[in-house]
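Structure file target_19.pdb with PDB, C-alpha atoms and all ligand atoms:
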MODEL        1
ATOM      1  CA  MET A   1     104.417  96.325  97.112
ATOM      2  CA  HIS A   2     107.576  95.416  95.317
ATOM      3  CA  LYS A   3     109.629  98.543  94.740
ATOM      4  CA  ILE A   4     109.705 102.297  95.006
ATOM      5  CA  GLU A   5     108.147 103.422  91.737
ATOM      6  CA  HIS A   6     109.094 107.080  92.148
ATOM      7  CA  ILE A   7     109.627 109.877  94.619
ATOM      8  CA  GLY A   8     107.481 112.983  94.251
ATOM      9  CA  ILE A   9     108.953 116.425  94.909
ATOM     10  CA  ALA A  10     106.785 119.527  95.281
ATOM     11  CA  VAL A  11     108.193 122.558  93.436
ATOM     12  CA  LYS A  12     107.000 126.132  93.118
ATOM     13  CA  ASN A  13     107.917 126.508  89.476
ATOM     14  CA  LEU A  14     108.111 123.472  87.205
ATOM     15  CA  GLU A  15     109.988 125.233  84.439
ATOM     16  CA  THR A  16     112.906 126.343  86.603
ATOM     17  CA  ALA A  17     112.872 123.058  88.519
ATOM     18  CA  ASN A  18     113.044 121.161  85.206
ATOM     19  CA  GLU A  19     116.133 123.163  84.253
ATOM     20  CA  LEU A  20     117.745 122.406  87.590
ATOM     21  CA  TYR A  21     116.985 118.683  87.552
ATOM     22  CA  THR A  22     118.075 118.435  83.922
ATOM     23  CA  LYS A  23     121.474 119.693  85.083
ATOM     24  CA  LEU A  24     121.421 117.341  88.071
ATOM     25  CA  PHE A  25     120.697 114.210  86.049
ATOM     26  CA  GLY A  26     122.362 115.344  82.846
ATOM     27  CA  THR A  27     119.220 114.496  80.907
ATOM     28  CA  PRO A  28     115.871 116.229  80.393
ATOM     29  CA  PRO A  29     112.532 114.948  81.726
ATOM     30  CA  TYR A  30     111.187 112.024  79.693
ATOM     31  CA  LYS A  31     107.642 113.161  80.281
ATOM     32  CA  ILE A  32     105.811 116.381  81.112
ATOM     33  CA  GLU A  33     102.164 115.956  81.929
ATOM     34  CA  LYS A  34      99.304 118.032  83.269
ATOM     35  CA  VAL A  35      96.920 116.111  85.529
ATOM     36  CA  GLU A  36      93.895 118.361  85.620
ATOM     37  CA  SER A  37      91.951 116.229  88.121
ATOM     38  CA  GLU A  38      94.791 116.497  90.658
ATOM     39  CA  GLY A  39      95.562 120.155  90.071
ATOM     40  CA  VAL A  40      99.155 119.441  89.138
ATOM     41  CA  ASN A  41     101.678 119.864  86.381
ATOM     42  CA  THR A  42     104.230 117.101  86.535
ATOM     43  CA  SER A  43     107.497 116.081  84.963
ATOM     44  CA  PHE A  44     109.357 112.800  85.243
ATOM     45  CA  PHE A  45     113.093 112.176  85.272
ATOM     46  CA  LYS A  46     114.980 108.921  85.189
ATOM     47  CA  SER A  47     118.090 108.355  87.224
ATOM     48  CA  GLY A  48     119.251 104.860  86.400
ATOM     49  CA  PRO A  49     116.388 102.564  87.403
ATOM     50  CA  ASN A  50     114.815 105.272  89.576
ATOM     51  CA  LYS A  51     112.245 107.914  88.798
ATOM     52  CA  ILE A  52     111.681 111.362  90.216
ATOM     53  CA  GLU A  53     108.390 113.176  89.739
ATOM     54  CA  LEU A  54     108.293 116.956  90.064
ATOM     55  CA  LEU A  55     104.914 118.434  90.947
ATOM     56  CA  GLU A  56     103.807 122.027  90.528
ATOM     57  CA  ALA A  57     100.373 123.329  91.536
ATOM     58  CA  SER A  58      98.238 124.217  88.528
ATOM     59  CA  ASN A  59      95.737 126.154  90.627
ATOM     60  CA  THR A  60      95.575 127.701  94.097
ATOM     61  CA  ASP A  61      93.337 124.898  95.461
ATOM     62  CA  SER A  62      95.851 122.255  94.427
ATOM     63  CA  PRO A  63      97.079 119.924  97.177
ATOM     64  CA  ILE A  64     100.593 120.911  96.049
ATOM     65  CA  ALA A  65      99.849 124.598  96.654
ATOM     66  CA  LYS A  66      98.668 123.741 100.158
ATOM     67  CA  PHE A  67     101.669 121.497 100.798
ATOM     68  CA  ILE A  68     104.151 124.203  99.764
ATOM     69  CA  GLU A  69     102.310 126.801 101.808
ATOM     70  CA  LYS A  70     102.606 124.610 104.901
ATOM     71  CA  LYS A  71     105.955 122.933 104.451
ATOM     72  CA  GLY A  72     107.739 124.618 101.573
ATOM     73  CA  GLU A  73     109.240 122.818  98.609
ATOM     74  CA  GLY A  74     110.571 119.322  99.117
ATOM     75  CA  ILE A  75     109.744 115.638  99.140
ATOM     76  CA  HIS A  76     105.978 115.298  98.859
ATOM     77  CA  HIS A  77     105.352 111.572  98.541
ATOM     78  CA  ILE A  78     106.917 108.180  97.991
ATOM     79  CA  ALA A  79     105.203 105.929  95.471
ATOM     80  CA  PHE A  80     105.336 102.149  95.585
ATOM     81  CA  ALA A  81     104.520  99.894  92.673
ATOM     82  CA  VAL A  82     101.845  97.279  93.262
ATOM     83  CA  ASP A  83     100.504  94.510  91.038
ATOM     84  CA  ASP A  84      96.901  94.611  92.239
ATOM     85  CA  ILE A  85      95.964  98.004  93.601
ATOM     86  CA  PHE A  86      92.394  96.936  94.424
ATOM     87  CA  ALA A  87      93.590  94.042  96.569
ATOM     88  CA  GLU A  88      96.177  96.290  98.246
ATOM     89  CA  VAL A  89      93.497  98.836  99.193
ATOM     90  CA  VAL A  90      91.504  96.096 100.922
ATOM     91  CA  ARG A  91      94.584  94.646 102.609
ATOM     92  CA  LEU A  92      95.881  98.010 103.879
ATOM     93  CA  LYS A  93      92.461  99.135 105.102
ATOM     94  CA  ASN A  94      92.227  95.917 107.085
ATOM     95  CA  GLU A  95      95.642  96.727 108.552
ATOM     96  CA  GLY A  96      94.295 100.063 109.769
ATOM     97  CA  PHE A  97      95.786 102.458 107.226
ATOM     98  CA  ILE A  98      93.724 105.449 106.161
ATOM     99  CA  VAL A  99      93.165 105.234 102.419
ATOM    100  CA  LEU A 100      92.506 108.699 100.974
ATOM    101  CA  ASN A 101      90.726 107.472  97.854
ATOM    102  CA  GLU A 102      89.392 103.951  98.050
ATOM    103  CA  THR A 103      88.623 103.880  94.368
ATOM    104  CA  PRO A 104      91.928 104.071  92.503
ATOM    105  CA  LYS A 105      92.114 107.093  90.217
ATOM    106  CA  LYS A 106      94.097 107.830  87.111
ATOM    107  CA  GLY A 107      97.315 109.648  87.927
ATOM    108  CA  ALA A 108     100.267 110.841  85.900
ATOM    109  CA  ASP A 109     102.484 108.542  83.847
ATOM    110  CA  ASN A 110      99.713 106.092  82.949
ATOM    111  CA  LYS A 111      99.066 104.786  86.451
ATOM    112  CA  LEU A 112      96.161 103.928  88.684
ATOM    113  CA  ILE A 113      96.902 105.535  92.028
ATOM    114  CA  VAL A 114      95.787 105.526  95.644
ATOM    115  CA  PHE A 115      97.135 107.642  98.488
ATOM    116  CA  LEU A 116      97.493 106.688 102.135
ATOM    117  CA  HIS A 117      96.964 109.458 104.656
ATOM    118  CA  PRO A 118     100.253 110.581 106.264
ATOM    119  CA  LYS A 119      98.488 110.454 109.632
ATOM    120  CA  SER A 120      98.524 106.662 109.353
ATOM    121  CA  THR A 121     102.060 106.364 107.941
ATOM    122  CA  ASN A 122     104.298 108.333 110.298
ATOM    123  CA  GLY A 123     103.899 111.590 108.421
ATOM    124  CA  VAL A 124     104.768 110.301 104.962
ATOM    125  CA  LEU A 125     102.288 110.561 102.115
ATOM    126  CA  ILE A 126     102.437 107.175 100.420
ATOM    127  CA  GLU A 127     101.174 106.567  96.912
ATOM    128  CA  LEU A 128     100.432 103.121  95.552
ATOM    129  CA  CYS A 129     100.537 102.843  91.812
ATOM    130  CA  GLN A 130      99.781 100.235  89.260
ATOM    131  CA  GLU A 131     100.669 100.508  85.600
ATOM    132  CA  ILE A 132      97.624 100.735  83.363
ATOM    133  CA  LEU A 133      98.001  98.100  80.675
ATOM    134  CA  GLU A 134      96.561  99.201  77.355
TER     135      GLU A 134
HETATM  136 ZN    ZN B   1     103.533 110.328  92.337
ENDMDL
END
Can you dump the structure from the file as structure tokens?
Ligand code: ZN
Amino acid sequence: MHKIEHIGIAVKNLETANELYTKLFGTPPYKIEKVESEGVNTSFFKSGPNKIELLEASNTDSPIAKFIEKKGEGIHHIAFAVDDIFAEVVRLKNEGFIVLNETPKKGADNKLIVFLHPKSTNGVLIELCQEILE
């Protein structure tokens, strides 16, 4: 793990949140992407070297819908960049972390992703992500 890749924020309405964060950063999202398999609509903003991902539920079964129901809008996950996500899954499992999906899946922004259960990380949902090289 070598840096925070992005911070994910759960929002009720992506359109209004995009307007707000466009004002905050002074620049519009560089990417808006629907990730059907995850039940989310996402947008990505850059703030200097940092990235913020906004996530809106695209259906009522979406993990984002459940998160907002339980906790309201707010920080949903912190994503760390890794060079070898498969090796990291093995390493972290051996360290006792609960890996939510042991087979990395394709997430937003052209990444392979894995989530660690917040139960094993002091209540923080942690995402590992590795850039997919074309
Ligand atoms: Zn993310």
Can I get the residues close to ligand ZN 1 (chain B) as an NGL selection string, where close means within 10 Å and we count all atoms listed in the file?
:A and (5-9 or 42 or 44 or 51-55 or 76-80 or 107-109 or 111 or 113-115 or 125-129)
Residues from the last selection, C-alpha atoms, saved as an mmCIF file, keeping the file's coordinate frame:
data_model
loop_
_atom_site.group_PDB
_atom_site.id
_atom_site.type_symbol
_atom_site.label_atom_id
_atom_site.label_comp_id
_atom_site.auth_asym_id
_atom_site.auth_seq_id
_atom_site.Cartn_x
_atom_site.Cartn_y
_atom_site.Cartn_z
ATOM 1 C CA GLU A 5 108.147 103.422 91.737
ATOM 2 C CA HIS A 6 109.094 107.080 92.148
ATOM 3 C CA ILE A 7 109.627 109.877 94.619
ATOM 4 C CA GLY A 8 107.481 112.983 94.251
ATOM 5 C CA ILE A 9 108.953 116.425 94.909
ATOM 6 C CA THR A 42 104.230 117.101 86.535
ATOM 7 C CA PHE A 44 109.357 112.800 85.243
ATOM 8 C CA LYS A 51 112.245 107.914 88.798
ATOM 9 C CA ILE A 52 111.681 111.362 90.216
ATOM 10 C CA GLU A 53 108.390 113.176 89.739
ATOM 11 C CA LEU A 54 108.293 116.956 90.064
ATOM 12 C CA LEU A 55 104.914 118.434 90.947
ATOM 13 C CA HIS A 76 105.978 115.298 98.859
ATOM 14 C CA HIS A 77 105.352 111.572 98.541
ATOM 15 C CA ILE A 78 106.917 108.180 97.991
ATOM 16 C CA ALA A 79 105.203 105.929 95.471
ATOM 17 C CA PHE A 80 105.336 102.149 95.585
ATOM 18 C CA GLY A 107 97.315 109.648 87.927
ATOM 19 C CA ALA A 108 100.267 110.841 85.900
ATOM 20 C CA ASP A 109 102.484 108.542 83.847
ATOM 21 C CA LYS A 111 99.066 104.786 86.451
ATOM 22 C CA ILE A 113 96.902 105.535 92.028
ATOM 23 C CA VAL A 114 95.787 105.526 95.644
ATOM 24 C CA PHE A 115 97.135 107.642 98.488
ATOM 25 C CA LEU A 125 102.288 110.561 102.115
ATOM 26 C CA ILE A 126 102.437 107.175 100.420
ATOM 27 C CA GLU A 127 101.174 106.567 96.912
ATOM 28 C CA LEU A 128 100.432 103.121 95.552
ATOM 29 C CA CYS A 129 100.537 102.843 91.812
#
If I take CA of Val82 in chain A and CA of Glu38 in chain A, how far is one from the other in Å, to one decimal?
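Between CA of Val82 in chain A and CA of Glu38 in chain A the gap works out to 20.6 Å.
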Please write the residues picked by the PyMOL selection byres (((chain A and resi 18) around 12) and not hetatm) on this file as a ChimeraX atom specification.
/A:9-17,19-32,41-45,52-56
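Distances here use all atoms listed in the file; by that measure, the residue among A:Ile75, A:Ile132, A:Leu116, A:Ala65 closest to Phe97 in chain A is A:Leu116.
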May I ask for the distance between CA of Lys106 in chain A and CA of Ser37 in chain A, given in Å to one decimal place?
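Result for CA of Lys106 in chain A versus CA of Ser37 in chain A: 8.7 Å, one decimal.
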Counting all atoms listed in the file, which residue out of A:Pro104, A:Pro118, A:Gly39, A:Gly74 sits closest to Glu131 in chain A?
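Between A:Pro104, A:Pro118, A:Gly39, A:Gly74, the residue approaching Glu131 in chain A most closely is A:Pro104.
Note that CA of Ser47 in chain A and CA of Lys34 in chain A are 21.5 Å apart.
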Range 67-77 of chain A, all listed atoms, 6 Å padding on each side: what axis-aligned box centre and edge lengths in Å to one decimal come out, as JSON?
{"center_x": 106.1, "center_y": 119.2, "center_z": 101.7, "size_x": 20.9, "size_y": 27.2, "size_z": 18.4}
Hey, what comes out of the PyMOL selection byres (((chain A and resi 120) around 9) and not hetatm) on this file? Could you write it as number ranges by chain?
A: 96-99, 116-119, 121-124
Of the residues A:Ser62, A:Glu134, A:Lys70, A:Leu92, which is the one nearest to Val35 in chain A, using only C-alpha atoms?
A:Ser62
As a check of understanding, name the residues that the PyMOL selection byres (((chain A and resi 87) around 12) and not hetatm) selects in the supplied structure, as a list in words.
Met1, Val82, Asp83, Asp84, Ile85, Phe86, Glu88, Val89, Val90, Arg91, Leu92, Lys93, Asn94, Glu102, Thr103, Pro104, Val114, Leu128 and Gln130 of chain A
Selected residue, from A:Ile4, A:Ala81, A:Ile64, A:Val40, that lies nearest to Leu112 in chain A when counting all atoms listed in the file
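So, comparing all the options, the nearest one is A:Ala81.
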